[in-house]
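Colleague: What follows is final35.txt; its format and atoms are compact mmCIF, C-alpha atoms.
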```
# COMPACT_ATOMS: atom_id res chain seq x y z
CA MET D 1 20.24 -16.13 19.17
CA SER D 2 18.97 -18.63 21.67
CA GLY D 3 21.12 -21.18 23.42
CA THR D 4 21.35 -24.89 22.87
CA LYS D 5 20.86 -26.27 26.38
CA TRP D 6 17.50 -27.65 27.47
CA LEU D 7 15.88 -26.26 30.62
CA ASP D 8 14.41 -29.31 32.34
CA ALA D 9 11.67 -27.57 34.31
CA HIS D 10 10.48 -24.41 35.94
CA THR D 11 12.16 -24.30 39.33
CA GLY D 12 10.74 -21.11 40.77
CA GLN D 13 12.24 -18.58 38.38
CA THR D 14 10.42 -15.31 37.87
CA THR D 15 9.29 -14.12 34.46
CA ALA D 16 12.37 -11.89 34.15
CA GLU D 17 14.71 -14.68 35.24
CA LEU D 18 13.32 -17.12 32.64
CA ILE D 19 13.53 -14.54 29.88
CA ALA D 20 17.14 -13.83 30.85
CA LEU D 21 18.01 -17.49 30.19
CA GLU D 22 17.40 -17.08 26.45
CA ALA D 23 21.10 -16.81 25.62
CA ASP D 24 21.85 -20.18 27.21
CA TYR D 25 18.69 -22.27 26.79
CA ARG D 26 16.51 -23.33 23.89
CA VAL D 27 13.46 -21.11 23.48
CA ASP D 28 11.10 -24.10 23.33
CA SER D 29 12.35 -25.27 26.73
CA LEU D 30 11.82 -21.78 28.17
CA VAL D 31 8.28 -21.66 26.78
CA LEU D 32 7.61 -25.05 28.39
CA ALA D 33 8.84 -23.66 31.71
CA PHE D 34 6.38 -20.76 31.38
CA ASP D 35 3.64 -23.26 30.56
CA GLN D 36 4.46 -25.38 33.62
CA ALA D 37 4.49 -22.41 35.97
CA LEU D 38 1.28 -20.93 34.57
CA ALA D 39 -0.48 -24.31 34.68
CA GLU D 40 0.38 -24.54 38.38
CA LYS D 41 -0.89 -21.01 38.88
CA ALA D 42 -4.13 -21.90 37.05
CA VAL D 43 -4.67 -24.82 39.43
CA CYS D 44 -4.48 -22.41 42.37
CA GLU D 45 -6.34 -19.45 40.88
CA GLY D 46 -8.43 -20.94 38.07
CA LEU D 47 -8.28 -19.77 34.46
CA ALA D 48 -10.36 -16.72 35.34
CA GLY D 49 -7.67 -15.71 37.84
CA LEU D 50 -5.05 -15.47 35.10
CA THR D 51 -4.40 -12.48 32.89
CA ALA D 52 -5.39 -12.66 29.23
CA GLU D 53 -1.67 -12.79 28.40
CA GLU D 54 -1.13 -15.77 30.69
CA ARG D 55 -4.06 -17.59 29.07
CA VAL D 56 -2.49 -16.97 25.64
CA VAL D 57 0.62 -18.84 26.78
CA LEU D 58 -1.41 -21.78 28.12
CA ALA D 59 -3.68 -21.98 25.06
CA VAL D 60 -0.87 -21.90 22.50
CA GLU D 61 1.17 -24.44 24.41
CA ALA D 62 -1.86 -26.72 24.76
CA ILE D 63 -2.34 -26.70 21.00
CA GLU D 64 1.31 -27.34 20.28
CA ARG D 65 1.62 -30.11 22.87
CA GLU D 66 -1.63 -31.93 22.13
CA VAL D 67 -1.69 -31.67 18.33
CA ASN D 68 1.95 -32.71 18.06
CA ASN D 69 1.36 -35.69 20.35
CA GLY D 70 -2.01 -36.96 19.17
CA GLY D 71 -3.70 -34.53 16.85
CA TYR D 72 -6.73 -32.35 17.24
CA ASP D 73 -8.69 -35.34 18.51
CA GLN D 74 -6.36 -35.45 21.52
CA LEU D 75 -6.68 -31.68 21.96
CA PHE D 76 -10.44 -32.09 22.31
CA THR D 77 -10.35 -35.16 24.57
CA ASP D 78 -7.62 -34.18 27.03
CA SER D 79 -7.93 -31.59 29.79
CA SER D 80 -6.51 -28.94 27.45
CA LYS D 81 -10.01 -28.60 25.99
CA GLN D 82 -10.79 -26.24 28.88
CA LEU D 83 -8.69 -23.68 26.98
CA ALA D 84 -10.67 -24.10 23.74
CA PRO D 85 -12.46 -20.73 24.03
CA TYR D 86 -9.03 -19.06 23.91
CA PHE D 87 -7.40 -21.07 21.09
CA ILE D 88 -8.16 -18.90 18.07
CA ASP D 89 -7.54 -15.52 19.69
CA ALA D 90 -4.33 -16.80 21.28
CA LEU D 91 -2.96 -18.01 17.95
CA ASP D 92 -3.96 -14.79 16.19
CA THR D 93 -2.40 -12.77 19.00
CA ILE D 94 1.03 -14.35 18.48
CA GLY D 95 0.76 -14.06 14.70
CA ALA D 96 0.08 -17.74 13.94
CA ALA D 97 -2.75 -17.05 11.50
CA GLU D 98 -2.39 -20.31 9.54
CA VAL D 99 -2.55 -22.43 12.68
CA ALA D 100 -5.52 -20.34 13.84
CA LYS D 101 -7.33 -21.14 10.57
CA LEU D 102 -6.61 -24.86 10.98
CA THR D 103 -7.73 -24.82 14.58
CA ARG D 104 -10.94 -23.01 13.57
CA ARG D 105 -11.54 -25.79 11.00
CA ALA D 106 -10.99 -28.41 13.69
CA ILE D 107 -13.39 -26.66 16.07
CA ASP D 108 -15.96 -26.34 13.29
CA ALA D 109 -15.63 -30.08 12.63
CA LEU D 110 -17.05 -30.68 16.10
CA GLY D 111 -20.38 -29.24 14.94
CA ILE D 112 -21.00 -27.38 18.19
CA GLU D 113 -23.82 -24.89 18.18
CA GLY D 114 -23.56 -22.29 20.89
CA ALA D 115 -20.78 -21.80 23.40
CA LEU D 116 -17.54 -23.72 23.14
CA THR D 117 -17.30 -25.31 26.58
CA VAL D 118 -15.81 -28.45 28.06
CA GLU D 119 -19.31 -29.90 28.21
CA SER D 120 -20.16 -29.06 24.58
CA ILE D 121 -16.83 -30.48 23.41
CA ASP D 122 -17.41 -33.66 25.44
CA ARG D 123 -20.89 -34.07 23.94
CA ALA D 124 -19.51 -33.61 20.42
CA MET D 125 -16.62 -36.01 20.96
CA ASP D 126 -18.87 -38.64 22.58
CA VAL D 127 -20.80 -39.03 19.32
CA ASP D 128 -19.27 -41.46 16.84
CA SER D 129 -18.67 -39.50 13.65
CA GLU D 130 -16.54 -40.68 10.78
CA GLU D 131 -17.00 -37.29 9.09
CA ARG D 132 -15.68 -35.44 12.16
CA ASP D 133 -12.80 -37.87 12.58
CA ASP D 134 -11.85 -37.48 8.91
CA SER D 135 -11.99 -33.68 9.20
CA LEU D 136 -9.82 -33.71 12.31
CA ALA D 137 -7.33 -36.05 10.58
CA GLU D 138 -7.17 -33.63 7.63
CA CYS D 139 -6.49 -30.78 10.05
CA ASP D 140 -3.74 -32.86 11.67
CA GLU D 141 -2.05 -33.45 8.33
CA ALA D 142 -2.29 -29.78 7.41
CA TYR D 143 -0.82 -28.82 10.79
CA TYR D 144 2.12 -31.19 10.35
CA ASP D 145 2.64 -29.95 6.78
CA LEU D 146 2.99 -26.41 8.12
CA SER D 147 5.95 -27.51 10.23
CA CYS D 148 5.09 -24.53 12.33
CA ASP D 149 7.17 -23.29 15.19
CA LEU D 150 4.95 -21.73 17.80
CA ALA D 151 7.68 -21.45 20.44
CA ASP D 152 9.52 -18.52 18.85
CA PRO D 153 6.50 -16.27 18.30
CA LEU D 154 5.11 -17.24 21.70
CA PHE D 155 8.40 -16.41 23.41
CA ALA D 156 8.49 -13.05 21.61
CA TYR D 157 4.94 -12.45 22.88
CA ILE D 158 6.00 -13.37 26.42
CA LYS D 159 8.91 -10.93 26.27
CA THR D 160 6.69 -8.14 24.94
CA ASN D 161 4.04 -8.78 27.58
CA ARG D 162 6.29 -9.69 30.51
CA ALA D 163 4.64 -7.12 32.79
CA ARG D 164 1.32 -9.02 32.50
CA ILE D 165 2.79 -12.52 32.87
CA SER D 166 3.57 -13.40 36.47
CA LEU D 167 4.72 -16.85 37.47
CA GLU D 168 3.91 -16.38 41.12
CA SER D 169 0.62 -17.73 42.50
```
I need this file expressed as structure tokens, please.
Modeller:
Amino acid sequence: MSGTKWLDAHTGQTTAELIALEADYRVDSLVLAFDQALAEKAVCEGLAGLTAEERVVLAVEAIEREVNNGGYDQLFTDSSKQLAPYFIDALDTIGAAEVAKLTRRAIDALGIEGALTVESIDRAMDVDSEERDDSLAECDEAYYDLSCDLADPLFAYIKTNRARISLES
């Protein structure tokens, strides 16, 4: 059982130290701390410098943060779009198949042919499209209806893959 206190931020803890806080702190706050530390690491090393497991954490957290705060439209217009190539596999990896299906629908609504890149997403989002906007809004509603909790399965994934998730740059 996880604790009830909120961890305000990552303050230099290692992977093992953050995991050990589970008894005292809310899992969603611990996952956010992992996200913060890995985002800082990505700034230093680039996404390619991260392990696949570290990119899973960043991709899942990007979806949860952006869709909960502004929908799929926000996911595709904020900097989190750089993680788009990892979204579906990351969600499938943590066992969030329903969210993966919704996110696939949202990506498909962009109408991108070819590689899913920041540039291709920007081109798609720069075009006014009522059809796309309606599709993304439908995906938003379906996401909210799921009332999904991605923090618990993501934290379980982090614990299982702790050897491949390093918070040091």
Colleague: Residues at most 12 Å from Gly95 of chain D, counting only C-alpha atoms, excluding those fewer than 6 positions away in the same chain, as a PyMOL selection string?
Modeller: chain D and resi 56+60+88-89+101+148-157
Colleague: Just the number, please: distance in Å from atom CA of Leu167 of chain D to atom CA of Gly70 of chain D, one decimal.
Modeller: 28.0 Å
Colleague: Given the choices D:Cys139, D:Ala84, D:Leu58, D:Val99, which gets closest to Asp35 of chain D if the distance is worked out from all atoms listed in the file?
Modeller: D:Leu58
Colleague: Please write as a PyMOL selection string the list of polymer residues whose atoms come within 7 Å of (-12.5, -26.6, 26.4), counting all atoms listed in the file and keeping to the coordinates of the file.
Modeller: chain D and resi 80-85+116-118+121
Colleague: Which residue out of D:Thr51, D:Val31, D:Thr103, D:Asp145 has the minimum interatomic distance to Ile19 of chain D when all atoms listed in the file are used?
Modeller: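 Of D:Thr51, D:Val31, D:Thr103, D:Asp145, the one nearest Ile19 of chain D, counting all atoms listed in the file, is D:Val31.
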Colleague: Atom CA of Leu32 of chain D and atom CA of Ile158 of chain D are how many Å apart?
Modeller: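 Calculated distance between atom CA of Leu32 of chain D and atom CA of Ile158 of chain D is 12.0 Å.
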Colleague: Which of these, D:Leu102, D:Arg164, D:Glu17, D:Tyr143, has the shortest distance to Asn69 of chain D once you count all atoms listed in the file?
Modeller: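 Once distances to Asn69 of chain D are computed over all atoms listed in the file, the minimum belongs to D:Tyr143.
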Colleague: Which one is closest to Glu53 of chain D: D:Tyr86, D:Phe76, D:Tyr25, D:Tyr144? Count all atoms listed in the file.
Modeller: D:Tyr86
Colleague: Give, as lines of an AutoDock Vina configuration file, the centre coordinates and the x, y and z edge lengths in Å to one decimal for an axis-aligned box around all listed atoms of segment 83-93 of chain D, padded by 8 Å on each side.
Modeller:
```
center_x = -7.4
center_y = -18.4
center_z = 21.6
size_x = 26.1
size_y = 27.3
size_z = 26.8
```
Colleague: Looking at only C-alpha atoms, which of D:Ala62, D:Ala39, D:Met125, D:Leu110 is the one that sits closest to Ala90 of chain D?
Modeller: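 That would be D:Ala62, the residue with the smallest distance to Ala90 of chain D.
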Colleague: Rounded to one decimal place, report the atom CA of Gly46 of chain D-atom CA of Ile165 of chain D distance in Å.
Modeller: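 Atom CA of Ile165 of chain D lies 15.0 Å from atom CA of Gly46 of chain D.
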Colleague: Select, from D:Asp92, D:Asp126, D:Asp108, D:Asp24, the residue with the minimum atom-to-atom distance to Thr77 of chain D, counting all atoms listed in the file.
Modeller: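 That would be D:Asp126, the residue with the smallest distance to Thr77 of chain D.
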Colleague: Kindly add N, CA, C and O atoms to the incomplete segment 120-132 of chain D and provide the output as a PDB file, in the frame of the given file.
Modeller:
```pdb
ATOM      1  N   SER D 120     -19.744 -28.956  25.985  1.00  0.00           N
ATOM      2  CA  SER D 120     -20.160 -29.060  24.580  1.00  0.00           C
ATOM      3  C   SER D 120     -19.138 -29.843  23.762  1.00  0.00           C
ATOM      4  O   SER D 120     -19.511 -30.603  22.866  1.00  0.00           O
ATOM      5  N   ILE D 121     -17.873 -29.703  24.090  1.00  0.00           N
ATOM      6  CA  ILE D 121     -16.830 -30.480  23.410  1.00  0.00           C
ATOM      7  C   ILE D 121     -16.990 -31.959  23.751  1.00  0.00           C
ATOM      8  O   ILE D 121     -16.928 -32.820  22.871  1.00  0.00           O
ATOM      9  N   ASP D 122     -17.220 -32.265  25.029  1.00  0.00           N
ATOM     10  CA  ASP D 122     -17.410 -33.660  25.440  1.00  0.00           C
ATOM     11  C   ASP D 122     -18.605 -34.282  24.717  1.00  0.00           C
ATOM     12  O   ASP D 122     -18.519 -35.417  24.239  1.00  0.00           O
ATOM     13  N   ARG D 123     -19.715 -33.535  24.634  1.00  0.00           N
ATOM     14  CA  ARG D 123     -20.890 -34.070  23.940  1.00  0.00           C
ATOM     15  C   ARG D 123     -20.560 -34.355  22.471  1.00  0.00           C
ATOM     16  O   ARG D 123     -20.935 -35.401  21.938  1.00  0.00           O
ATOM     17  N   ALA D 124     -19.859 -33.434  21.832  1.00  0.00           N
ATOM     18  CA  ALA D 124     -19.510 -33.610  20.420  1.00  0.00           C
ATOM     19  C   ALA D 124     -18.568 -34.799  20.228  1.00  0.00           C
ATOM     20  O   ALA D 124     -18.738 -35.595  19.300  1.00  0.00           O
ATOM     21  N   MET D 125     -17.603 -34.934  21.100  1.00  0.00           N
ATOM     22  CA  MET D 125     -16.620 -36.010  20.960  1.00  0.00           C
ATOM     23  C   MET D 125     -17.181 -37.367  21.368  1.00  0.00           C
ATOM     24  O   MET D 125     -16.661 -38.406  20.957  1.00  0.00           O
ATOM     25  N   ASP D 126     -18.255 -37.376  22.162  1.00  0.00           N
ATOM     26  CA  ASP D 126     -18.870 -38.640  22.580  1.00  0.00           C
ATOM     27  C   ASP D 126     -19.682 -39.287  21.459  1.00  0.00           C
ATOM     28  O   ASP D 126     -19.973 -40.479  21.518  1.00  0.00           O
ATOM     29  N   VAL D 127     -20.031 -38.509  20.451  1.00  0.00           N
ATOM     30  CA  VAL D 127     -20.800 -39.030  19.320  1.00  0.00           C
ATOM     31  C   VAL D 127     -19.833 -39.619  18.300  1.00  0.00           C
ATOM     32  O   VAL D 127     -18.870 -38.966  17.899  1.00  0.00           O
ATOM     33  N   ASP D 128     -20.088 -40.860  17.902  1.00  0.00           N
ATOM     34  CA  ASP D 128     -19.270 -41.460  16.840  1.00  0.00           C
ATOM     35  C   ASP D 128     -19.557 -40.728  15.538  1.00  0.00           C
ATOM     36  O   ASP D 128     -20.715 -40.598  15.134  1.00  0.00           O
ATOM     37  N   SER D 129     -18.498 -40.237  14.900  1.00  0.00           N
ATOM     38  CA  SER D 129     -18.670 -39.500  13.650  1.00  0.00           C
ATOM     39  C   SER D 129     -17.443 -39.698  12.772  1.00  0.00           C
ATOM     40  O   SER D 129     -16.370 -39.149  13.047  1.00  0.00           O
ATOM     41  N   GLU D 130     -17.626 -40.467  11.730  1.00  0.00           N
ATOM     42  CA  GLU D 130     -16.540 -40.680  10.780  1.00  0.00           C
ATOM     43  C   GLU D 130     -16.189 -39.373  10.069  1.00  0.00           C
ATOM     44  O   GLU D 130     -15.017 -39.083   9.826  1.00  0.00           O
ATOM     45  N   GLU D 131     -17.216 -38.582   9.767  1.00  0.00           N
ATOM     46  CA  GLU D 131     -17.000 -37.290   9.090  1.00  0.00           C
ATOM     47  C   GLU D 131     -16.138 -36.366   9.957  1.00  0.00           C
ATOM     48  O   GLU D 131     -15.179 -35.768   9.478  1.00  0.00           O
ATOM     49  N   ARG D 132     -16.474 -36.268  11.251  1.00  0.00           N
ATOM     50  CA  ARG D 132     -15.680 -35.440  12.160  1.00  0.00           C
ATOM     51  C   ARG D 132     -14.260 -35.972  12.264  1.00  0.00           C
ATOM     52  O   ARG D 132     -13.287 -35.212  12.173  1.00  0.00           O
TER      53      ARG D 132
END
```
